[in-house]
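Pasted below: work-v6.txt, compact mmCIF, C-alpha atoms.
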```
# COMPACT_ATOMS: atom_id res chain seq x y z
CA LEU A 1 0.00 0.00 0.00
CA THR A 2 1.36 3.42 -0.98
CA LEU A 3 0.11 6.99 -0.62
CA LYS A 4 1.44 10.12 -2.35
CA TYR A 5 2.32 13.14 -0.24
CA ARG A 6 5.27 15.35 0.72
CA SER A 7 7.66 13.78 3.20
CA CYS A 8 11.18 12.28 3.32
CA THR A 9 12.90 8.92 3.69
CA LYS A 10 14.06 9.70 7.22
CA ILE A 11 10.54 10.36 8.47
CA GLU A 12 8.96 7.46 6.62
CA HIS A 13 11.48 4.67 7.16
CA GLY A 14 14.52 6.17 8.88
CA ILE A 15 16.18 6.11 12.29
CA ASN A 16 19.22 7.89 13.69
CA PHE A 17 21.24 6.41 16.56
CA ASP A 18 23.02 9.33 18.22
CA ILE A 19 25.41 9.47 21.19
CA ASP A 20 22.67 9.73 23.82
CA SER A 21 19.38 9.60 21.92
CA ILE A 22 17.41 8.05 19.05
CA LYS A 23 16.24 10.56 16.47
CA LEU A 24 14.47 10.72 13.14
CA CYS A 25 17.42 12.29 11.37
CA CYS A 26 20.66 14.16 11.91
CA GLN A 27 19.84 17.08 9.61
CA TYR A 28 20.42 20.39 11.40
CA SER A 29 20.42 22.74 8.43
CA ALA A 30 16.72 23.04 7.63
CA LYS A 31 15.37 26.40 8.79
CA GLY A 32 13.02 24.53 11.11
CA GLY A 33 16.00 23.00 12.89
CA GLY A 34 15.50 19.32 12.06
CA ASN A 35 17.32 16.94 14.43
CA THR A 36 14.14 15.61 16.04
CA LYS A 37 14.75 13.44 19.11
CA VAL A 38 12.22 10.66 19.72
CA ILE A 39 13.85 8.84 22.63
CA GLU A 40 16.14 10.90 24.86
CA ASN A 41 18.79 9.77 27.34
CA TYR A 42 19.30 6.54 25.44
CA GLN A 43 22.36 4.48 26.40
CA GLY A 44 21.62 1.22 24.62
CA GLY A 45 19.42 -1.74 25.41
CA PRO A 46 15.78 -2.52 24.52
CA ILE A 47 13.90 0.12 22.54
CA ASP A 48 10.28 1.11 23.10
CA TRP A 49 9.22 0.62 19.49
CA ASP A 50 5.58 1.46 20.24
CA LYS A 51 6.68 4.91 21.43
CA PHE A 52 8.96 5.39 18.44
CA PHE A 53 6.37 4.42 15.83
CA ALA A 54 3.60 6.43 17.56
CA PHE A 55 5.78 9.56 17.34
CA LYS A 56 6.51 8.96 13.66
CA LYS A 57 2.82 8.33 12.94
CA GLU A 58 1.90 11.81 14.21
CA ILE A 59 4.30 13.41 11.74
CA LYS A 60 3.28 11.10 8.89
CA ASP A 61 -0.42 11.86 9.46
CA LEU A 62 0.35 15.60 9.47
CA HIS A 63 2.16 15.31 6.15
CA LYS A 64 -0.59 13.15 4.65
CA SER A 65 -3.05 15.95 5.46
CA GLY A 66 -0.93 18.48 3.58
CA GLY A 67 0.71 19.97 6.67
CA LEU A 68 4.38 20.17 7.54
CA TYR A 69 6.14 19.21 10.75
CA HIS A 70 7.65 22.48 12.04
CA LYS A 71 11.19 21.15 12.35
CA CYS A 72 11.16 20.13 8.67
CA GLU A 73 10.49 23.66 7.44
CA GLY A 74 12.87 24.62 4.64
CA CYS A 75 14.46 21.17 4.38
CA ILE A 76 15.81 20.34 0.92
CA TYR A 77 15.21 16.61 1.45
CA LEU A 78 11.42 16.84 1.40
CA GLU A 79 9.83 15.39 -1.72
CA GLU A 80 6.40 14.42 -2.94
CA GLN A 81 6.17 10.76 -3.91
CA ASP A 82 4.32 7.52 -3.24
CA TRP A 83 5.40 6.44 0.25
CA GLU A 84 5.05 2.84 1.32
CA GLU A 85 2.83 2.34 4.36
CA SER A 86 5.22 0.47 6.64
CA ASP A 87 7.01 0.82 9.96
CA LYS A 88 10.02 -1.08 8.67
CA PHE A 89 13.37 0.66 8.27
CA ASN A 90 15.43 1.20 5.14
CA PHE A 91 17.48 4.23 6.21
CA PHE A 92 19.94 4.29 9.13
CA ASN A 93 22.13 7.11 10.33
CA LEU A 94 24.72 5.94 12.85
CA ASP A 95 26.79 8.43 14.84
CA TYR A 96 26.72 6.98 18.33
CA TRP A 97 30.48 7.04 19.05
CA THR A 98 32.90 9.97 19.34
CA TYR A 99 36.49 8.72 19.48
CA CYS A 100 38.74 9.73 16.65
CA ASN A 101 42.40 9.67 15.63
CA CYS A 102 42.57 13.29 14.54
CA ASN A 103 41.40 16.54 16.14
CA CYS A 104 39.73 18.71 13.48
CA ILE A 105 39.53 22.32 14.61
CA TYR A 106 35.87 22.61 13.53
CA CYS A 107 34.67 19.48 15.38
CA HIS A 108 32.41 19.81 18.43
CA THR A 109 34.82 17.47 20.25
CA HIS A 110 37.88 19.63 19.56
CA ASN A 111 38.37 21.29 22.94
CA LYS A 112 37.41 18.18 24.95
CA LYS A 113 39.17 15.48 22.99
CA ASP A 114 40.34 13.66 26.12
CA ILE A 115 36.70 13.23 27.19
CA TYR A 116 35.30 12.27 23.79
CA ASN A 117 38.15 9.87 23.02
CA THR A 118 37.45 7.90 26.20
CA LYS A 119 33.63 8.19 26.16
CA LYS A 120 32.19 4.67 26.01
CA ASN A 121 29.49 4.17 23.41
CA TYR A 122 26.62 1.72 23.58
CA ASP A 123 26.66 -1.29 21.25
CA PHE A 124 24.56 -1.08 18.10
CA LEU A 125 25.21 -4.60 16.80
CA PRO A 126 22.77 -6.37 19.18
CA ILE A 127 20.13 -3.74 18.33
CA LEU A 128 20.61 -4.45 14.62
CA LYS A 129 20.31 -8.18 15.17
CA ASP A 130 17.16 -7.65 17.26
CA MET A 131 15.63 -5.54 14.47
CA ILE A 132 16.33 -8.37 12.05
CA ASP A 133 14.69 -10.87 14.43
CA LYS A 134 11.64 -8.58 14.66
CA ASP A 135 11.51 -8.25 10.84
CA LEU A 136 11.98 -4.46 11.01
CA LEU A 137 14.78 -4.32 8.46
CA MET A 138 13.92 -3.77 4.80
CA ARG A 139 16.33 -4.93 2.14
CA ASP A 140 18.16 -2.68 -0.33
CA GLY A 141 18.14 0.41 1.87
CA ASP A 142 20.71 3.04 2.83
CA VAL A 143 22.90 3.52 5.88
CA SER A 144 25.32 6.28 6.86
CA PHE A 145 28.16 5.88 9.36
CA GLY A 146 29.20 9.30 10.65
CA GLY A 147 30.28 9.47 14.29
CA GLY A 148 33.94 9.57 15.26
CA GLU A 149 36.47 7.61 13.19
CA VAL A 150 34.53 4.64 11.87
CA CYS A 151 37.62 2.40 11.58
CA LEU A 152 38.10 2.65 15.35
CA LEU A 153 34.58 1.37 16.07
CA LYS A 154 34.97 -2.27 17.16
CA GLU A 155 31.66 -3.48 15.69
CA PHE A 156 31.90 -1.47 12.46
CA GLU A 157 33.08 -4.19 10.11
CA GLU A 158 30.54 -6.76 11.35
CA CYS A 159 27.71 -4.24 11.05
CA LEU A 160 28.94 -3.27 7.59
CA LYS A 161 28.96 -6.92 6.48
CA ILE A 162 25.34 -7.35 7.65
CA PHE A 163 24.18 -4.25 5.78
CA LEU A 164 26.04 -5.35 2.64
CA ASP A 165 24.43 -8.80 2.91
CA TYR A 166 21.03 -7.05 3.03
CA GLY A 167 21.88 -5.14 -0.15
CA TYR A 168 22.29 -1.76 1.50
CA PHE A 169 24.16 1.14 -0.04
CA VAL A 170 26.48 2.32 2.73
CA ARG A 171 27.79 5.87 3.13
CA ILE A 172 30.92 5.97 5.26
CA HIS A 173 32.55 9.11 6.65
CA SER A 174 36.19 8.58 7.54
CA GLY A 175 39.36 10.55 8.08
CA CYS A 176 41.05 7.77 6.08
CA MET A 177 44.04 7.47 8.39
CA ASP A 178 43.37 3.73 8.57
CA TYR A 179 42.63 1.35 5.71
CA SER A 180 39.74 -1.15 5.88
CA ASP A 181 39.55 -4.32 3.80
CA VAL A 182 35.77 -4.43 4.31
CA ILE A 183 35.41 -0.88 2.96
CA GLU A 184 37.54 -1.98 0.01
CA GLN A 185 35.21 -4.96 -0.54
CA GLY A 186 32.17 -2.65 -0.48
CA LEU A 187 33.79 -0.30 -3.01
CA LYS A 188 34.50 -3.22 -5.32
CA MET A 189 30.84 -4.27 -5.01
CA GLY A 190 29.69 -0.73 -5.79
CA LYS A 191 27.86 -0.65 -2.45
CA VAL A 192 30.02 1.78 -0.42
CA ASP A 193 30.12 5.55 -0.73
CA LEU A 194 33.31 6.72 1.03
CA ILE A 195 33.49 10.38 2.05
CA VAL A 196 36.77 11.71 3.39
CA SER A 197 37.04 15.26 4.75
CA VAL A 198 40.52 16.30 3.70
CA ASP A 199 39.58 20.01 3.89
CA SER A 200 42.85 21.02 2.23
CA GLY A 201 45.21 20.36 -0.61
CA THR A 202 48.53 21.12 1.06
CA GLU A 203 50.39 19.34 3.82
CA GLU A 204 50.63 22.51 5.94
CA MET A 205 46.87 23.23 5.83
CA HIS A 206 46.01 19.59 6.48
CA ALA A 207 48.13 19.60 9.65
CA ARG A 208 46.65 22.94 10.75
CA ILE A 209 43.06 21.72 10.44
CA LYS A 210 43.47 18.10 11.54
CA GLU A 211 46.15 18.74 14.21
CA VAL A 212 47.91 15.55 13.13
CA LYS A 213 50.60 15.07 10.49
CA THR A 214 49.00 12.41 8.32
CA TYR A 215 48.70 14.15 4.94
CA ASP A 216 50.61 11.54 2.90
CA ARG A 217 48.97 8.65 4.75
CA VAL A 218 45.44 9.94 4.16
CA TRP A 219 45.92 10.71 0.48
CA GLY A 220 47.75 7.41 0.02
CA ASN A 221 44.77 5.49 1.42
CA LEU A 222 42.40 7.56 -0.73
CA LYS A 223 44.42 6.64 -3.80
CA ARG A 224 44.24 2.91 -2.88
CA TYR A 225 40.48 3.10 -2.38
CA ALA A 226 39.98 5.05 -5.62
CA ALA A 227 41.91 2.40 -7.55
CA VAL A 228 39.50 -0.40 -6.55
CA GLN A 229 36.12 1.37 -6.61
CA GLN A 230 33.54 -0.04 -9.01
CA ASN A 231 32.90 3.40 -10.50
CA ARG A 232 34.48 6.84 -10.19
CA GLU A 233 31.65 8.28 -8.07
CA LEU A 234 32.15 6.16 -4.94
CA VAL A 235 35.28 7.66 -3.34
CA LYS A 236 34.82 11.34 -2.55
CA ALA A 237 37.26 13.95 -1.23
CA LYS A 238 35.37 16.53 0.85
CA TYR A 239 36.44 20.10 1.56
CA ILE A 240 34.83 21.95 4.48
CA VAL A 241 35.32 25.66 3.86
CA ILE A 242 36.41 27.31 7.12
CA PRO A 243 36.25 31.09 6.65
CA GLY A 244 39.51 32.71 7.71
CA VAL A 245 41.40 29.41 7.47
CA ASN A 246 41.14 27.63 4.11
CA ASP A 247 38.82 29.95 2.18
CA THR A 248 41.19 30.69 -0.71
CA LYS A 249 41.26 29.72 -4.36
CA GLU A 250 44.88 28.63 -3.94
CA GLU A 251 43.96 25.98 -1.35
CA VAL A 252 40.92 24.89 -3.35
CA ASN A 253 43.13 24.51 -6.43
CA ALA A 254 45.60 22.39 -4.44
CA TRP A 255 42.71 20.19 -3.17
CA LEU A 256 41.35 19.64 -6.67
CA ASP A 257 44.81 19.00 -8.12
CA LYS A 258 45.56 16.43 -5.39
CA SER A 259 42.19 14.78 -5.92
CA LYS A 260 42.88 14.45 -9.64
CA GLU A 261 46.36 13.08 -8.95
CA CYS A 262 44.92 10.38 -6.66
CA GLY A 263 42.24 9.28 -9.10
CA ILE A 264 39.31 10.87 -7.24
CA GLY A 265 36.41 11.37 -9.65
CA TYR A 266 33.97 13.07 -7.26
CA VAL A 267 34.50 15.94 -4.81
CA LEU A 268 32.19 17.51 -2.23
CA GLN A 269 32.23 20.95 -0.66
CA GLU A 270 30.73 22.03 2.65
CA ILE A 271 30.66 25.15 4.86
CA GLU A 272 31.77 25.07 8.50
CA SER A 273 28.76 24.66 10.75
CA GLN A 274 29.03 27.27 13.50
CA TRP A 275 30.12 29.98 11.09
CA PHE A 276 27.21 29.17 8.79
CA TYR A 277 24.53 29.08 11.49
CA SER A 278 25.68 32.41 12.93
CA ARG A 279 25.71 34.16 9.51
CA ARG A 280 23.04 32.31 7.59
CA GLU A 281 21.13 35.44 6.64
CA ASN A 282 24.24 37.45 5.79
CA ILE A 283 26.70 35.27 3.88
CA PRO A 284 29.54 37.36 2.38
CA GLN A 285 29.63 37.36 -1.41
CA TYR A 286 33.17 35.99 -1.50
CA ILE A 287 31.95 32.72 0.01
CA TYR A 288 29.41 32.26 -2.77
CA ASP A 289 32.11 33.20 -5.28
CA LEU A 290 34.46 30.56 -3.84
CA PHE A 291 31.82 27.83 -4.16
CA ASP A 292 30.99 28.93 -7.70
CA TYR A 293 34.69 28.93 -8.57
CA SER A 294 35.23 25.47 -7.08
CA LYS A 295 32.31 24.04 -9.03
CA GLN A 296 33.52 25.50 -12.31
CA ARG A 297 37.14 24.43 -11.87
CA ALA A 298 36.13 20.90 -10.90
CA SER A 299 33.98 20.75 -14.04
CA ASP A 300 36.87 22.02 -16.16
CA MET A 301 39.05 19.23 -14.72
CA GLY A 302 36.45 16.54 -15.46
CA ILE A 303 35.68 15.98 -11.78
CA ILE A 304 32.10 15.58 -10.55
CA TYR A 305 31.26 18.30 -8.00
CA GLY A 306 28.60 18.33 -5.30
CA GLU A 307 27.63 20.39 -2.25
CA TYR A 308 27.14 18.76 1.14
CA GLU A 309 24.23 19.40 3.52
CA ARG A 310 24.85 22.92 4.87
CA ALA A 311 26.34 24.15 1.63
CA ALA A 312 23.39 22.72 -0.30
CA HIS A 313 20.97 24.58 1.98
CA MET A 314 23.08 27.76 1.77
CA LEU A 315 23.05 27.76 -2.03
CA ALA A 316 19.38 26.76 -2.24
CA GLU A 317 18.50 29.71 0.01
CA ARG A 318 20.58 32.01 -2.22
CA ARG A 319 18.61 30.84 -5.26
CA GLU A 320 15.37 31.39 -3.34
CA ARG A 321 16.36 34.96 -2.41
CA GLU A 322 17.46 35.69 -5.97
CA ALA A 323 14.16 34.36 -7.33
CA ILE A 324 12.21 36.56 -4.89
CA LYS A 325 14.34 39.56 -5.86
CA GLN A 326 13.88 38.88 -9.56
CA SER A 327 10.14 38.44 -9.11
CA ALA A 328 9.94 41.77 -7.26
CA GLU A 329 11.93 43.51 -10.01
CA GLU A 330 9.73 42.01 -12.70
CA LYS A 331 6.65 43.13 -10.79
CA ARG A 332 8.00 46.69 -10.54
CA GLU A 333 8.83 46.71 -14.24
CA ALA A 334 5.37 45.42 -15.10
CA GLU A 335 3.76 48.10 -12.92
CA ALA A 336 5.92 50.76 -14.57
CA ARG A 337 4.94 49.54 -18.05
CA ALA A 338 1.29 49.50 -17.02
CA MET A 339 1.58 53.06 -15.71
CA VAL A 340 3.19 54.25 -18.97
CA ALA A 341 0.49 52.49 -21.02
CA LYS A 342 -2.20 54.09 -18.88
CA VAL A 343 -0.74 57.56 -19.40
CA LEU A 344 -0.45 57.00 -23.16
CA ASN A 345 -4.05 55.79 -23.31
CA GLU A 346 -5.23 58.81 -21.38
CA ASP A 347 -3.25 61.14 -23.66
CA GLU A 348 -4.76 59.48 -26.72
CA HIS A 349 -8.26 59.71 -25.22
CA PHE A 350 -7.92 63.44 -24.65
CA GLY A 351 -6.27 63.98 -28.01
CA VAL A 352 -2.91 65.02 -26.59
```
Hey, can you dump this file as structure tokens for me?
Amino acid sequence: LTLKYRSCTKIEHGINFDIDSIKLCCQYSAKGGGNTKVIENYQGGPIDWDKFFAFKKEIKDLHKSGGLYHKCEGCIYLEEQDWEESDKFNFFNLDYWTYCNCNCIYCHTHNKKDIYNTKKNYDFLPILKDMIDKDLLMRDGDVSFGGGEVCLLKEFEECLKIFLDYGYFVRIHSGCMDYSDVIEQGLKMGKVDLIVSVDSGTEEMHARIKEVKTYDRVWGNLKRYAAVQQNRELVKAKYIVIPGVNDTKEEVNAWLDKSKECGIGYVLQEIESQWFYSRRENIPQYIYDLFDYSKQRASDMGIIYGEYERAAHMLAERREREAIKQSAEEKREAEARAMVAKVLNEDEHFGV
């Protein structure tokens, strides 16, 4: 049974396991705020599925009636389509661990790395197996790993194998300091989308942002992964623009050149979170220009270019403002033409 209305995969069939909660999604960038928690203070163990599905049903029913859940306002992931009536899951976002082997200056863990690197996470693997036992897992879905460094998560490879066995397409965020044979297997199958935030093209900038000296190691692993991927779109080098740090064409050029050198066929660009949220309504023109430049140069080099979540919202909102501005200008021009026509008609009527 399906029904057509405006919603999204996360609301319909998704679940997000966060550090201390279970949410519908991890999207913060919608103007409504997104990031809806369903079960708070969660530290593993049995899940009250009745509570979870009852919460989702309220939002689904609102969307079926033509309304919009307030936290979804302005979200670019909303789409109108035929949604399957089911409580089963086919979209997972997993970011329930925090330990990492680098210390990115933009990360929320940056100033408390000793705490976050020793913070014990709950185990997701038994939850996944329980969901399978309860027949809550659809086949051929999507999953995203995006907490700390995924290669340090002890249950990562076993979870990945289960999702691959179920035909899932798996998005993996990694700093790429470590190499995983299971990730390699997924790339060969065409079932893994590997996203690596290098955020730089030079060794000096990489060390400044990551606070570790692993430039050659990271790019070397990226090159190995790129060489085995089933198609050129699976291994992606991401660049988070940090205004005042790496917001120059020179660094962007170095990033694109290094990506090309390592056989990367797809790049992503993002904007640093706290800077973006504090200036969302007043983005300097040079930031837009830098994104436009990056897109054009990547295209000229034969590299596929995409914007990540915040950047995608930022540029969508620019297009929306430009459309409103253009519409207002066209309205003023139409009113001016109508006024001139009226005057000419009146002149003709009175024989002027």
Tell me, in Å to one decimal, how far CA of Gln27 (chain A) is from CA of Arg6 (chain A).
-> 17.2 Å
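When only C-alpha atoms are used to compute distances to Glu12 (chain A), the closest of the residues A:Asp82, A:Arg319, A:Gln285, A:Asn41 turns out to be A:Asp82.
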Per-residue nearest contacts of region 72-97 of chain A to region 169-191 of chain A (10 Å; only C-alpha atoms) as a tab-separated table:
```
residue	atom	partner	partner_atom	distance
A:Phe91	CA	A:Phe169	CA	9.7
A:Phe92	CA	A:Val170	CA	9.4
A:Asn93	CA	A:Arg171	CA	9.2
A:Leu94	CA	A:Ile172	CA	9.8
```
Output the selection as a short mmCIF file (atom, residue, chain, number, x, y, z; two decimals), in the frame of the given file - C-alpha atoms for each residue.
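Okay, result_37.cif is ready:
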```cif
data_model
loop_
_atom_site.label_atom_id
_atom_site.label_comp_id
_atom_site.auth_asym_id
_atom_site.auth_seq_id
_atom_site.Cartn_x
_atom_site.Cartn_y
_atom_site.Cartn_z
CA PHE A 91 17.48 4.23 6.21
CA PHE A 92 19.94 4.29 9.13
CA ASN A 93 22.13 7.11 10.33
CA LEU A 94 24.72 5.94 12.85
#
```
Pick out the closest residue to Arg310 (chain A) from this set: A:Arg217, A:Arg297, A:His108, A:Arg280. Count all atoms listed in the file.
-> A:Arg280
Considering only C-alpha atoms, return as a ChimeraX atom specification whatever protein or nucleic-acid residues lie within 10 Å of Ala298 (chain A), sequence-local ones (same chain, fewer than 2 positions apart) excluded.
-> /A:252-253,256-257,259-260,265-267,293-296,300-306
Kindly reconstruct region 281-311 of chain A with N, CA and C atoms and present the result as a PDB file, keeping the file's coordinate frame.
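rebuild_23.pdb, freshly written:
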```
ATOM      1  N   GLU A 281      21.882  34.407   7.356  1.00  0.00           N
ATOM      2  CA  GLU A 281      21.130  35.440   6.640  1.00  0.00           C
ATOM      3  C   GLU A 281      22.039  36.528   6.065  1.00  0.00           C
ATOM      4  N   ASN A 282      23.324  36.406   6.263  1.00  0.00           N
ATOM      5  CA  ASN A 282      24.240  37.450   5.790  1.00  0.00           C
ATOM      6  C   ASN A 282      25.567  36.843   5.348  1.00  0.00           C
ATOM      7  N   ILE A 283      25.501  35.934   4.391  1.00  0.00           N
ATOM      8  CA  ILE A 283      26.700  35.270   3.880  1.00  0.00           C
ATOM      9  C   ILE A 283      27.473  36.241   2.986  1.00  0.00           C
ATOM     10  N   PRO A 284      28.759  36.457   3.239  1.00  0.00           N
ATOM     11  CA  PRO A 284      29.540  37.360   2.380  1.00  0.00           C
ATOM     12  C   PRO A 284      29.599  36.840   0.939  1.00  0.00           C
ATOM     13  N   GLN A 285      29.631  37.739  -0.002  1.00  0.00           N
ATOM     14  CA  GLN A 285      29.630  37.360  -1.410  1.00  0.00           C
ATOM     15  C   GLN A 285      30.827  36.504  -1.775  1.00  0.00           C
ATOM     16  N   TYR A 286      31.972  36.733  -1.112  1.00  0.00           N
ATOM     17  CA  TYR A 286      33.170  35.990  -1.500  1.00  0.00           C
ATOM     18  C   TYR A 286      33.026  34.493  -1.233  1.00  0.00           C
ATOM     19  N   ILE A 287      32.183  34.137  -0.264  1.00  0.00           N
ATOM     20  CA  ILE A 287      31.950  32.720   0.010  1.00  0.00           C
ATOM     21  C   ILE A 287      31.192  32.085  -1.152  1.00  0.00           C
ATOM     22  N   TYR A 288      30.136  32.760  -1.597  1.00  0.00           N
ATOM     23  CA  TYR A 288      29.410  32.260  -2.770  1.00  0.00           C
ATOM     24  C   TYR A 288      30.347  32.169  -3.973  1.00  0.00           C
ATOM     25  N   ASP A 289      31.179  33.186  -4.146  1.00  0.00           N
ATOM     26  CA  ASP A 289      32.110  33.200  -5.280  1.00  0.00           C
ATOM     27  C   ASP A 289      33.074  32.010  -5.218  1.00  0.00           C
ATOM     28  N   LEU A 290      33.524  31.674  -3.999  1.00  0.00           N
ATOM     29  CA  LEU A 290      34.460  30.560  -3.840  1.00  0.00           C
ATOM     30  C   LEU A 290      33.802  29.232  -4.215  1.00  0.00           C
ATOM     31  N   PHE A 291      32.537  29.050  -3.801  1.00  0.00           N
ATOM     32  CA  PHE A 291      31.820  27.830  -4.160  1.00  0.00           C
ATOM     33  C   PHE A 291      31.579  27.766  -5.662  1.00  0.00           C
ATOM     34  N   ASP A 292      31.201  28.897  -6.255  1.00  0.00           N
ATOM     35  CA  ASP A 292      30.990  28.930  -7.700  1.00  0.00           C
ATOM     36  C   ASP A 292      32.288  28.620  -8.443  1.00  0.00           C
ATOM     37  N   TYR A 293      33.387  29.173  -7.954  1.00  0.00           N
ATOM     38  CA  TYR A 293      34.690  28.930  -8.570  1.00  0.00           C
ATOM     39  C   TYR A 293      35.065  27.449  -8.471  1.00  0.00           C
ATOM     40  N   SER A 294      34.876  26.875  -7.293  1.00  0.00           N
ATOM     41  CA  SER A 294      35.230  25.470  -7.080  1.00  0.00           C
ATOM     42  C   SER A 294      34.454  24.560  -8.022  1.00  0.00           C
ATOM     43  N   LYS A 295      33.170  24.846  -8.160  1.00  0.00           N
ATOM     44  CA  LYS A 295      32.310  24.040  -9.030  1.00  0.00           C
ATOM     45  C   LYS A 295      32.787  24.110 -10.470  1.00  0.00           C
ATOM     46  N   GLN A 296      33.093  25.323 -10.928  1.00  0.00           N
ATOM     47  CA  GLN A 296      33.520  25.500 -12.310  1.00  0.00           C
ATOM     48  C   GLN A 296      34.869  24.843 -12.568  1.00  0.00           C
ATOM     49  N   ARG A 297      35.814  25.010 -11.642  1.00  0.00           N
ATOM     50  CA  ARG A 297      37.140  24.430 -11.870  1.00  0.00           C
ATOM     51  C   ARG A 297      37.087  22.903 -11.842  1.00  0.00           C
ATOM     52  N   ALA A 298      36.284  22.354 -10.926  1.00  0.00           N
ATOM     53  CA  ALA A 298      36.130  20.900 -10.900  1.00  0.00           C
ATOM     54  C   ALA A 298      35.577  20.401 -12.235  1.00  0.00           C
ATOM     55  N   SER A 299      34.580  21.113 -12.743  1.00  0.00           N
ATOM     56  CA  SER A 299      33.980  20.750 -14.040  1.00  0.00           C
ATOM     57  C   SER A 299      35.019  20.814 -15.147  1.00  0.00           C
ATOM     58  N   ASP A 300      35.825  21.866 -15.141  1.00  0.00           N
ATOM     59  CA  ASP A 300      36.870  22.020 -16.160  1.00  0.00           C
ATOM     60  C   ASP A 300      37.891  20.882 -16.106  1.00  0.00           C
ATOM     61  N   MET A 301      38.084  20.318 -14.901  1.00  0.00           N
ATOM     62  CA  MET A 301      39.050  19.230 -14.720  1.00  0.00           C
ATOM     63  C   MET A 301      38.428  17.850 -14.956  1.00  0.00           C
ATOM     64  N   GLY A 302      37.119  17.814 -15.250  1.00  0.00           N
ATOM     65  CA  GLY A 302      36.450  16.540 -15.460  1.00  0.00           C
ATOM     66  C   GLY A 302      36.112  15.810 -14.190  1.00  0.00           C
ATOM     67  N   ILE A 303      36.011  16.563 -13.073  1.00  0.00           N
ATOM     68  CA  ILE A 303      35.680  15.980 -11.780  1.00  0.00           C
ATOM     69  C   ILE A 303      34.231  16.318 -11.433  1.00  0.00           C
ATOM     70  N   ILE A 304      33.485  15.332 -10.985  1.00  0.00           N
ATOM     71  CA  ILE A 304      32.100  15.580 -10.550  1.00  0.00           C
ATOM     72  C   ILE A 304      32.142  16.382  -9.254  1.00  0.00           C
ATOM     73  N   TYR A 305      31.280  17.404  -9.159  1.00  0.00           N
ATOM     74  CA  TYR A 305      31.260  18.300  -8.000  1.00  0.00           C
ATOM     75  C   TYR A 305      29.881  18.269  -7.351  1.00  0.00           C
ATOM     76  N   GLY A 306      29.861  18.259  -6.015  1.00  0.00           N
ATOM     77  CA  GLY A 306      28.600  18.330  -5.300  1.00  0.00           C
ATOM     78  C   GLY A 306      28.744  19.148  -4.026  1.00  0.00           C
ATOM     79  N   GLU A 307      27.621  19.680  -3.530  1.00  0.00           N
ATOM     80  CA  GLU A 307      27.630  20.390  -2.250  1.00  0.00           C
ATOM     81  C   GLU A 307      27.053  19.483  -1.173  1.00  0.00           C
ATOM     82  N   TYR A 308      27.630  19.566   0.026  1.00  0.00           N
ATOM     83  CA  TYR A 308      27.140  18.760   1.140  1.00  0.00           C
ATOM     84  C   TYR A 308      26.006  19.517   1.835  1.00  0.00           C
ATOM     85  N   GLU A 309      25.507  18.964   2.943  1.00  0.00           N
ATOM     86  CA  GLU A 309      24.230  19.400   3.520  1.00  0.00           C
ATOM     87  C   GLU A 309      24.107  20.905   3.751  1.00  0.00           C
ATOM     88  N   ARG A 310      24.984  21.483   4.567  1.00  0.00           N
ATOM     89  CA  ARG A 310      24.850  22.920   4.870  1.00  0.00           C
ATOM     90  C   ARG A 310      25.067  23.766   3.635  1.00  0.00           C
ATOM     91  N   ALA A 311      26.066  23.404   2.851  1.00  0.00           N
ATOM     92  CA  ALA A 311      26.340  24.150   1.630  1.00  0.00           C
ATOM     93  C   ALA A 311      25.162  24.060   0.666  1.00  0.00           C
TER      94      ALA A 311
END
```
